[in-house]
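With compact mmCIF, C-alpha atoms inside, this is upload-v8.txt:
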# COMPACT_ATOMS: atom_id res chain seq x y z
CA MET R 1 -19.33 -28.13 -13.33
CA ARG R 2 -15.59 -27.40 -13.01
CA LEU R 3 -15.10 -23.64 -13.31
CA LEU R 4 -12.01 -21.48 -13.63
CA ILE R 5 -12.69 -17.93 -12.39
CA VAL R 6 -10.25 -15.16 -13.36
CA ASN R 7 -10.14 -11.37 -13.64
CA ASP R 8 -7.95 -8.32 -14.21
CA ASP R 9 -8.86 -6.28 -11.11
CA GLY R 10 -6.91 -8.52 -8.74
CA ILE R 11 -7.44 -11.26 -6.19
CA ASP R 12 -8.94 -8.88 -3.60
CA SER R 13 -11.48 -7.22 -5.88
CA VAL R 14 -15.17 -7.23 -5.00
CA GLY R 15 -16.16 -8.58 -8.41
CA ILE R 16 -14.23 -11.83 -8.31
CA ARG R 17 -15.14 -12.47 -4.68
CA VAL R 18 -18.86 -12.10 -5.41
CA LEU R 19 -18.63 -14.15 -8.62
CA ALA R 20 -16.89 -16.98 -6.79
CA ASP R 21 -19.39 -16.81 -3.93
CA VAL R 22 -22.37 -17.09 -6.28
CA PHE R 23 -20.95 -19.87 -8.45
CA ARG R 24 -19.32 -22.08 -5.80
CA ASP R 25 -22.76 -23.35 -4.81
CA GLY R 26 -23.21 -26.48 -6.93
CA ASN R 27 -19.91 -26.15 -8.80
CA GLU R 28 -16.23 -26.95 -8.27
CA ILE R 29 -14.37 -23.67 -8.65
CA THR R 30 -10.76 -22.58 -8.89
CA VAL R 31 -9.87 -18.90 -8.77
CA VAL R 32 -6.67 -17.54 -10.34
CA ALA R 33 -6.28 -13.75 -10.27
CA PRO R 34 -3.50 -11.17 -10.47
CA MET R 35 -1.86 -10.10 -7.21
CA ASN R 36 -2.52 -6.49 -8.17
CA GLN R 37 -4.64 -4.40 -10.54
CA ARG R 38 -3.97 -5.42 -14.17
CA SER R 39 -6.67 -3.56 -16.13
CA GLY R 40 -5.77 -2.58 -19.70
CA PHE R 41 -3.21 -5.36 -20.13
CA SER R 42 -5.21 -6.81 -23.03
CA HIS R 43 -3.95 -10.26 -24.10
CA SER R 44 -0.34 -9.90 -22.99
CA ILE R 45 1.32 -12.93 -21.40
CA THR R 46 4.54 -13.41 -19.45
CA ILE R 47 7.31 -14.93 -21.56
CA GLY R 48 10.80 -15.56 -20.23
CA ASP R 49 10.22 -14.08 -16.77
CA LYS R 50 8.93 -16.23 -13.92
CA ILE R 51 5.39 -15.98 -12.58
CA ASP R 52 5.20 -15.97 -8.78
CA TYR R 53 2.12 -17.33 -7.06
CA VAL R 54 0.67 -17.69 -3.59
CA LYS R 55 -2.33 -19.64 -2.39
CA ALA R 56 -5.00 -17.22 -1.24
CA GLU R 57 -6.94 -17.81 1.96
CA ARG R 58 -10.43 -18.54 0.70
CA GLU R 59 -13.14 -21.14 1.29
CA TYR R 60 -12.33 -22.50 -2.15
CA THR R 61 -9.15 -23.12 -4.16
CA ALA R 62 -7.65 -19.75 -5.09
CA TYR R 63 -4.28 -18.45 -6.25
CA ALA R 64 -2.86 -14.97 -6.70
CA ILE R 65 -0.20 -14.68 -9.40
CA SER R 66 2.24 -11.98 -10.46
CA GLY R 67 1.23 -12.26 -14.12
CA THR R 68 -1.37 -10.77 -16.43
CA PRO R 69 -5.08 -11.60 -16.80
CA ALA R 70 -4.33 -13.91 -19.74
CA ASP R 71 -1.61 -15.53 -17.62
CA CYS R 72 -4.29 -16.26 -15.00
CA THR R 73 -6.29 -18.29 -17.49
CA LYS R 74 -3.25 -19.93 -19.05
CA THR R 75 -1.75 -21.03 -15.73
CA GLY R 76 -5.17 -22.08 -14.49
CA VAL R 77 -5.80 -24.30 -17.50
CA LEU R 78 -2.27 -25.73 -17.78
CA TYR R 79 -0.97 -25.74 -14.19
CA PHE R 80 -3.64 -25.20 -11.52
CA ASN R 81 -6.11 -27.69 -13.01
CA ASP R 82 -5.49 -30.62 -10.59
CA GLY R 83 -5.23 -32.94 -13.58
CA ALA R 84 -8.79 -32.41 -14.83
CA PRO R 85 -10.03 -30.01 -17.54
CA PHE R 86 -12.18 -27.00 -16.75
CA GLU R 87 -15.60 -26.86 -18.39
CA LEU R 88 -16.08 -23.08 -18.25
CA VAL R 89 -14.01 -19.94 -17.73
CA LEU R 90 -15.65 -16.94 -16.04
CA SER R 91 -13.78 -13.63 -16.15
CA GLY R 92 -14.79 -10.73 -13.91
CA ILE R 93 -16.86 -9.22 -12.58
CA ASN R 94 -15.04 -6.16 -13.87
CA ASN R 95 -15.19 -2.82 -12.08
CA GLY R 96 -16.47 -0.81 -15.04
CA SER R 97 -17.68 -1.66 -18.53
CA ASN R 98 -15.98 -3.44 -21.39
CA LEU R 99 -18.05 -2.16 -24.29
CA GLY R 100 -17.33 -1.55 -27.95
CA THR R 101 -13.74 -0.93 -28.97
CA ASP R 102 -12.66 -0.80 -25.30
CA ILE R 103 -12.69 -4.60 -25.65
CA LEU R 104 -9.35 -4.27 -27.47
CA TYR R 105 -7.65 -3.11 -24.25
CA SER R 106 -9.61 -5.22 -21.78
CA GLY R 107 -7.78 -7.69 -19.58
CA THR R 108 -11.16 -9.10 -18.54
CA VAL R 109 -12.12 -9.98 -22.11
CA ALA R 110 -8.60 -11.19 -22.92
CA ALA R 111 -8.65 -13.59 -19.97
CA ALA R 112 -11.89 -15.04 -21.34
CA THR R 113 -10.50 -15.17 -24.88
CA GLU R 114 -7.50 -17.13 -23.60
CA GLY R 115 -9.93 -19.72 -22.28
CA ALA R 116 -11.49 -20.05 -25.72
CA THR R 117 -8.07 -20.62 -27.31
CA HIS R 118 -7.86 -23.72 -25.11
CA GLY R 119 -11.26 -24.91 -26.33
CA ILE R 120 -13.14 -23.90 -23.17
CA PRO R 121 -16.37 -21.86 -23.32
CA SER R 122 -15.60 -18.51 -21.72
CA ILE R 123 -17.69 -15.61 -20.44
CA ALA R 124 -16.47 -12.11 -19.57
CA ILE R 125 -18.68 -10.12 -17.19
CA SER R 126 -18.48 -6.37 -16.52
CA LEU R 127 -20.55 -3.69 -14.83
CA GLU R 128 -21.66 -0.58 -16.70
CA LYS R 129 -20.21 1.79 -14.09
CA TRP R 130 -17.26 2.00 -11.69
CA ASP R 131 -17.27 1.38 -7.94
CA CYS R 132 -20.80 0.08 -7.59
CA ASP R 133 -22.32 -1.25 -4.40
CA GLU R 134 -21.63 -4.94 -3.79
CA SER R 135 -25.32 -5.69 -4.35
CA VAL R 136 -24.96 -4.69 -8.03
CA TYR R 137 -22.08 -7.14 -8.49
CA ARG R 138 -24.28 -9.83 -6.97
CA GLU R 139 -27.15 -8.98 -9.34
CA ALA R 140 -24.77 -9.37 -12.29
CA ALA R 141 -23.41 -12.68 -10.99
CA GLU R 142 -26.91 -14.03 -10.40
CA PHE R 143 -27.92 -12.86 -13.89
CA VAL R 144 -25.08 -14.87 -15.45
CA LYS R 145 -25.83 -17.92 -13.31
CA GLU R 146 -29.54 -17.85 -14.15
CA ASN R 147 -28.75 -17.59 -17.86
CA ILE R 148 -25.71 -19.85 -17.97
CA ASP R 149 -27.30 -22.45 -20.26
CA LYS R 150 -28.27 -19.77 -22.79
CA LEU R 151 -24.80 -18.19 -22.63
CA LEU R 152 -23.16 -21.59 -23.18
CA LYS R 153 -25.35 -22.12 -26.25
CA ILE R 154 -24.03 -18.84 -27.66
CA CYS R 155 -20.45 -19.92 -26.91
CA ALA R 156 -21.08 -23.13 -28.82
CA VAL R 157 -21.91 -21.31 -32.06
CA SER R 158 -19.49 -18.39 -31.70
CA GLY R 159 -15.73 -18.18 -31.28
CA GLY R 160 -16.21 -19.52 -27.77
CA VAL R 161 -16.31 -16.13 -26.00
CA VAL R 162 -19.33 -14.18 -24.78
CA ASN R 163 -18.93 -10.61 -23.48
CA VAL R 164 -21.60 -9.61 -20.96
CA ASN R 165 -22.07 -6.04 -19.72
CA TYR R 166 -24.59 -5.50 -16.94
CA PRO R 167 -26.42 -2.15 -16.62
CA VAL R 168 -26.57 -0.13 -13.43
CA ALA R 169 -29.30 2.35 -14.35
CA GLU R 170 -32.91 1.63 -13.41
CA PRO R 171 -35.17 0.23 -14.66
CA PHE R 172 -33.61 -2.97 -16.00
CA LYS R 173 -35.01 -3.30 -19.53
CA GLY R 174 -33.93 -6.87 -20.31
CA VAL R 175 -31.24 -8.52 -22.39
CA LYS R 176 -30.02 -7.84 -25.93
CA LEU R 177 -27.83 -10.11 -28.04
CA THR R 178 -25.83 -7.54 -29.96
CA LYS R 179 -22.61 -6.49 -31.64
CA MET R 180 -19.79 -4.35 -30.25
CA GLY R 181 -19.85 -0.66 -31.04
CA ILE R 182 -17.27 2.14 -31.05
CA ASN R 183 -15.95 4.23 -28.16
CA LEU R 184 -13.94 7.40 -28.80
CA TYR R 185 -11.91 9.42 -26.27
CA ASN R 186 -10.11 12.76 -26.23
CA ASP R 187 -6.99 11.11 -24.80
CA ARG R 188 -3.81 13.03 -24.11
CA TYR R 189 -0.75 12.58 -21.90
CA ALA R 190 -0.19 14.94 -18.99
CA GLU R 191 3.23 15.48 -17.44
CA GLU R 192 3.85 14.53 -13.82
CA ASN R 193 6.82 14.75 -11.44
CA SER R 194 8.21 17.92 -13.06
CA GLY R 195 8.32 16.37 -16.50
CA SER R 196 9.90 13.02 -15.63
CA SER R 197 6.73 10.99 -16.27
CA VAL R 198 3.38 11.20 -18.02
CA ARG R 199 -0.10 9.85 -17.36
CA ILE R 200 -2.88 9.28 -19.88
CA VAL R 201 -6.00 11.37 -19.26
CA GLY R 202 -9.18 11.74 -21.25
CA GLN R 203 -12.94 11.41 -21.38
CA PRO R 204 -15.40 9.74 -23.76
CA THR R 205 -16.36 12.02 -26.63
CA PRO R 206 -19.75 12.09 -28.39
CA HIS R 207 -19.91 10.71 -31.93
CA THR R 208 -22.40 9.37 -34.46
CA LEU R 209 -20.51 6.27 -35.63
CA ASN R 210 -22.60 3.73 -33.72
CA ASP R 211 -25.71 1.90 -34.85
CA ASP R 212 -28.52 2.09 -32.31
CA ASP R 213 -28.42 -1.68 -31.79
CA CYS R 214 -24.80 -2.02 -30.56
CA ASP R 215 -23.64 -2.69 -27.01
CA VAL R 216 -22.42 0.86 -26.37
CA GLU R 217 -25.85 2.35 -27.08
CA LEU R 218 -28.12 -0.38 -25.73
CA ILE R 219 -26.63 -0.41 -22.24
CA LYS R 220 -27.42 3.31 -21.95
CA LEU R 221 -31.09 2.34 -22.30
CA GLY R 222 -30.92 -0.15 -19.42
CA TYR R 223 -30.28 -3.39 -21.32
CA ALA R 224 -27.75 -6.04 -20.38
CA THR R 225 -25.70 -6.65 -23.52
CA VAL R 226 -24.44 -10.04 -24.65
CA THR R 227 -21.90 -10.04 -27.47
CA PRO R 228 -20.36 -13.15 -29.07
CA LEU R 229 -16.65 -12.67 -29.80
CA THR R 230 -13.90 -14.57 -31.58
CA SER R 231 -10.12 -14.47 -31.56
CA ASP R 232 -10.10 -14.77 -35.37
CA ARG R 233 -8.67 -11.42 -36.54
CA ASN R 234 -9.08 -12.05 -40.28
CA ASP R 235 -10.78 -9.28 -42.27
CA PHE R 236 -12.74 -11.52 -44.62
CA VAL R 237 -14.52 -8.56 -46.25
CA ALA R 238 -11.18 -7.06 -47.29
CA LEU R 239 -9.86 -10.42 -48.47
CA GLU R 240 -12.93 -10.91 -50.65
CA LYS R 241 -12.67 -7.39 -52.13
CA LEU R 242 -8.97 -7.87 -52.92
CA LYS R 243 -9.31 -11.37 -54.32
CA GLY R 244 -8.02 -11.60 -57.88
CA LYS R 245 -6.63 -8.05 -57.99
CA ASN R 246 -3.02 -9.28 -58.15
CA ILE R 247 -1.80 -6.45 -55.93
CA PHE R 248 1.69 -7.88 -55.47
CA ASP R 249 2.16 -9.15 -59.03

What would you get if you wrote out this structure as structure tokens?
Amino acid sequence: MRLLIVNDDGIDSVGIRVLADVFRDGNEITVVAPMNQRSGFSHSITIGDKIDYVKAEREYTAYAISGTPADCTKTGVLYFNDGAPFELVLSGINNGSNLGTDILYSGTVAAATEGATHGIPSIAISLEKWDCDESVYREAAEFVKENIDKLLKICAVSGGVVNVNYPVAEPFKGVKLTKMGINLYNDRYAEENSGSSVRIVGQPTPHTLNDDDCDVELIKLGYATVTPLTSDRNDFVALEKLKGKNIFD
């Protein structure tokens, strides 16, 4: 299988190195990753400005680019494809989770979503916690590889994107196909450099808005969560409720 592997943590991150190492056995892989950390860039792309790139020294085809995570997928599909289409996009493995409404900010998920906009099944993979031992990244990569046929079946009936979060806590309880939940934070901006700059700071805050069977809650119990996603932003419930009300007449 021809695979495009991307991320938002950068070309030198542990997650993408382990993911490429696990999947290059039996597959033809191309890696395209940001030169530097690009977490939280969501689905932004570079328009107007140039994107620099360098070929990375790896045992497989790999490029580091100056653009965003979504740029990595877009350039991979349209420029670094060697004239043949990719069959699957893998994004990650992210250093930290992409659960619930954090998905809105995630460069990891956006890079996968960009793959789906090009008609390619795409899987985003993240770890529950930050700065895990390399062995945990390998467990997550092996988990995805062992279940790749099942994940591709989900892609085929969803919007083409599957968001996987792998738990760190023991014991591993299994896998749950589930919906995204809600994350809330007590964010604020703190001044730095004598008032010439600010930095966002904050922590997750407890709330009761989640159902028990969403990704945010299930991973706390030791389950790997698998969530089908789509780039379709229509609110069909609202459209149905407003149908025939002649609001603008």

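Of the listed residues (R:Thr225, R:Ser158, R:Ser197, R:Thr46), R:Thr225 comes nearest to Ser97 in chain R; the distances count all atoms listed in the file.
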
Please indicate the distance in Å from CA of Glu191 in chain R to CA of Gly67 in chain R, rounded to one decimal place.
28.0 Å

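Our summary of the geometry notes that CA of Gly115 in chain R is positioned 17.6 Å from CA of Ser39 in chain R.
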
Excluding same-chain residues fewer than 4 positions from range 140-150 of chain R, what lies within 10 Å of it counting all atoms listed in the file, as a PDB file with C-alpha atoms, in the coordinates of the input?
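Okay, result-v4.pdb is ready:
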ATOM      1  CA  GLY R  15     -16.160  -8.580  -8.410  1.00  0.00           C
ATOM      2  CA  ILE R  16     -14.230 -11.830  -8.310  1.00  0.00           C
ATOM      3  CA  VAL R  18     -18.860 -12.100  -5.410  1.00  0.00           C
ATOM      4  CA  LEU R  19     -18.630 -14.150  -8.620  1.00  0.00           C
ATOM      5  CA  ALA R  20     -16.890 -16.980  -6.790  1.00  0.00           C
ATOM      6  CA  ASP R  21     -19.390 -16.810  -3.930  1.00  0.00           C
ATOM      7  CA  VAL R  22     -22.370 -17.090  -6.280  1.00  0.00           C
ATOM      8  CA  PHE R  23     -20.950 -19.870  -8.450  1.00  0.00           C
ATOM      9  CA  LEU R  90     -15.650 -16.940 -16.040  1.00  0.00           C
ATOM     10  CA  GLY R  92     -14.790 -10.730 -13.910  1.00  0.00           C
ATOM     11  CA  ILE R  93     -16.860  -9.220 -12.580  1.00  0.00           C
ATOM     12  CA  ILE R 123     -17.690 -15.610 -20.440  1.00  0.00           C
ATOM     13  CA  ALA R 124     -16.470 -12.110 -19.570  1.00  0.00           C
ATOM     14  CA  ILE R 125     -18.680 -10.120 -17.190  1.00  0.00           C
ATOM     15  CA  SER R 126     -18.480  -6.370 -16.520  1.00  0.00           C
ATOM     16  CA  LEU R 127     -20.550  -3.690 -14.830  1.00  0.00           C
ATOM     17  CA  SER R 135     -25.320  -5.690  -4.350  1.00  0.00           C
ATOM     18  CA  VAL R 136     -24.960  -4.690  -8.030  1.00  0.00           C
ATOM     19  CA  ILE R 154     -24.030 -18.840 -27.660  1.00  0.00           C
ATOM     20  CA  CYS R 155     -20.450 -19.920 -26.910  1.00  0.00           C
ATOM     21  CA  ALA R 156     -21.080 -23.130 -28.820  1.00  0.00           C
ATOM     22  CA  VAL R 164     -21.600  -9.610 -20.960  1.00  0.00           C
ATOM     23  CA  ASN R 165     -22.070  -6.040 -19.720  1.00  0.00           C
ATOM     24  CA  TYR R 166     -24.590  -5.500 -16.940  1.00  0.00           C
ATOM     25  CA  PRO R 167     -26.420  -2.150 -16.620  1.00  0.00           C
ATOM     26  CA  VAL R 168     -26.570  -0.130 -13.430  1.00  0.00           C
ATOM     27  CA  ALA R 224     -27.750  -6.040 -20.380  1.00  0.00           C
TER      28      ALA R 224
END

Do a neighbour search on range 232-236 of chain R at 9 Å with all atoms listed in the file, toss out local chain neighbours closer than 4 positions, and write the hits as a ChimeraX atom specification.
/R:159,240-241

Have a look at CA of Gly76 in chain R and CA of Asn94 in chain R and let me know their distance in Å, one decimal.
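Atom-to-atom, CA of Gly76 in chain R to CA of Asn94 in chain R, that is 18.7 Å.
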
Compute the distance from (-1.0, -15.2, -23.8) to each atom, counting all atoms listed in the file, keep the residues with any atom at most 8 Å away, and return them as a PyMOL selection string; use the coordinates of the file.
chain R and resi 43-46+70-71+74+114

I want to know what sits within 8 Å of Leu99 in chain R, based on all atoms listed in the file, with residues of the same chain fewer than 6 positions away left out; could you give that as an NGL selection string?
:R and (165 or 180-181 or 183 or 215-216)

Could you list as a list of chain:residue names every residue that has an atom within 10 Å of (-10.6, -20.6, -1.4), using the file's coordinates and counting all atoms listed in the file?
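Nearby residues: R:Arg17, R:Ala20, R:Asp21, R:Arg24, R:Ile29, R:Thr30, R:Val31, R:Lys55, R:Ala56, R:Glu57, R:Arg58, R:Glu59, R:Tyr60, R:Thr61, R:Ala62, R:Tyr63.
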
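Nearest to Asn27 in chain R of all the residues R:Ile120, R:Leu88, R:Val54, R:Tyr185 is R:Leu88, based on only C-alpha atoms.
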
List the neighbours of Ile11 in chain R out to 6 Å using only C-alpha atoms; skip same-chain residues closer than 4 positions along the sequence, and give me the result as a list in words.
Ala33, Pro34, Met35 and Ala64 of chain R

Would you mind exporting C-alpha atoms of the selected residues as a PDB file, keeping the file's coordinate frame?
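Wrote it out as again-v5.pdb, contents follow:
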ATOM      1  CA  ALA R  33      -6.280 -13.750 -10.270  1.00  0.00           C
ATOM      2  CA  PRO R  34      -3.500 -11.170 -10.470  1.00  0.00           C
ATOM      3  CA  MET R  35      -1.860 -10.100  -7.210  1.00  0.00           C
ATOM      4  CA  ALA R  64      -2.860 -14.970  -6.700  1.00  0.00           C
TER       5      ALA R  64
END

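Here the question is which of R:Thr178, R:Ser106, R:Thr208, R:Asn7 gets nearest to Pro69 in chain R using all atoms listed in the file, and that residue is R:Asn7.
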
Could you name the residues that touch Ile103 in chain R at 9 Å or less, counting only C-alpha atoms, but leaving out those on the same chain fewer than 6 positions away, as a ChimeraX atom specification?
/R:42,109-110,163,180

Kindly compute an axis-aligned box around the listed atoms of range 235-240 of chain R, allowing 4 Å on each side, and express its centre and edge lengths in Å to one decimal as AutoDock Vina command-line options.
--center_x -12.2 --center_y -9.3 --center_z -46.5 --size_x 12.7 --size_y 12.5 --size_z 16.4

Taking only C-alpha atoms into account, which of R:Arg188, R:Arg38, R:Lys179, R:Lys153 comes nearest Ala111 in chain R?
R:Arg38

Go through R:Lys50, R:Arg2, R:Arg138, R:Arg199 one by one, measure the shortest atom-to-atom distance of each to Glu87 in chain R using all atoms listed in the file, and give the residue with the smallest value.
R:Arg2

For Gly40 in chain R, the nearest of the candidates R:Ile65, R:Val6, R:Leu104, R:Ala84, counting all atoms listed in the file
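Of R:Ile65, R:Val6, R:Leu104, R:Ala84, the one nearest Gly40 in chain R, counting all atoms listed in the file, is R:Leu104.
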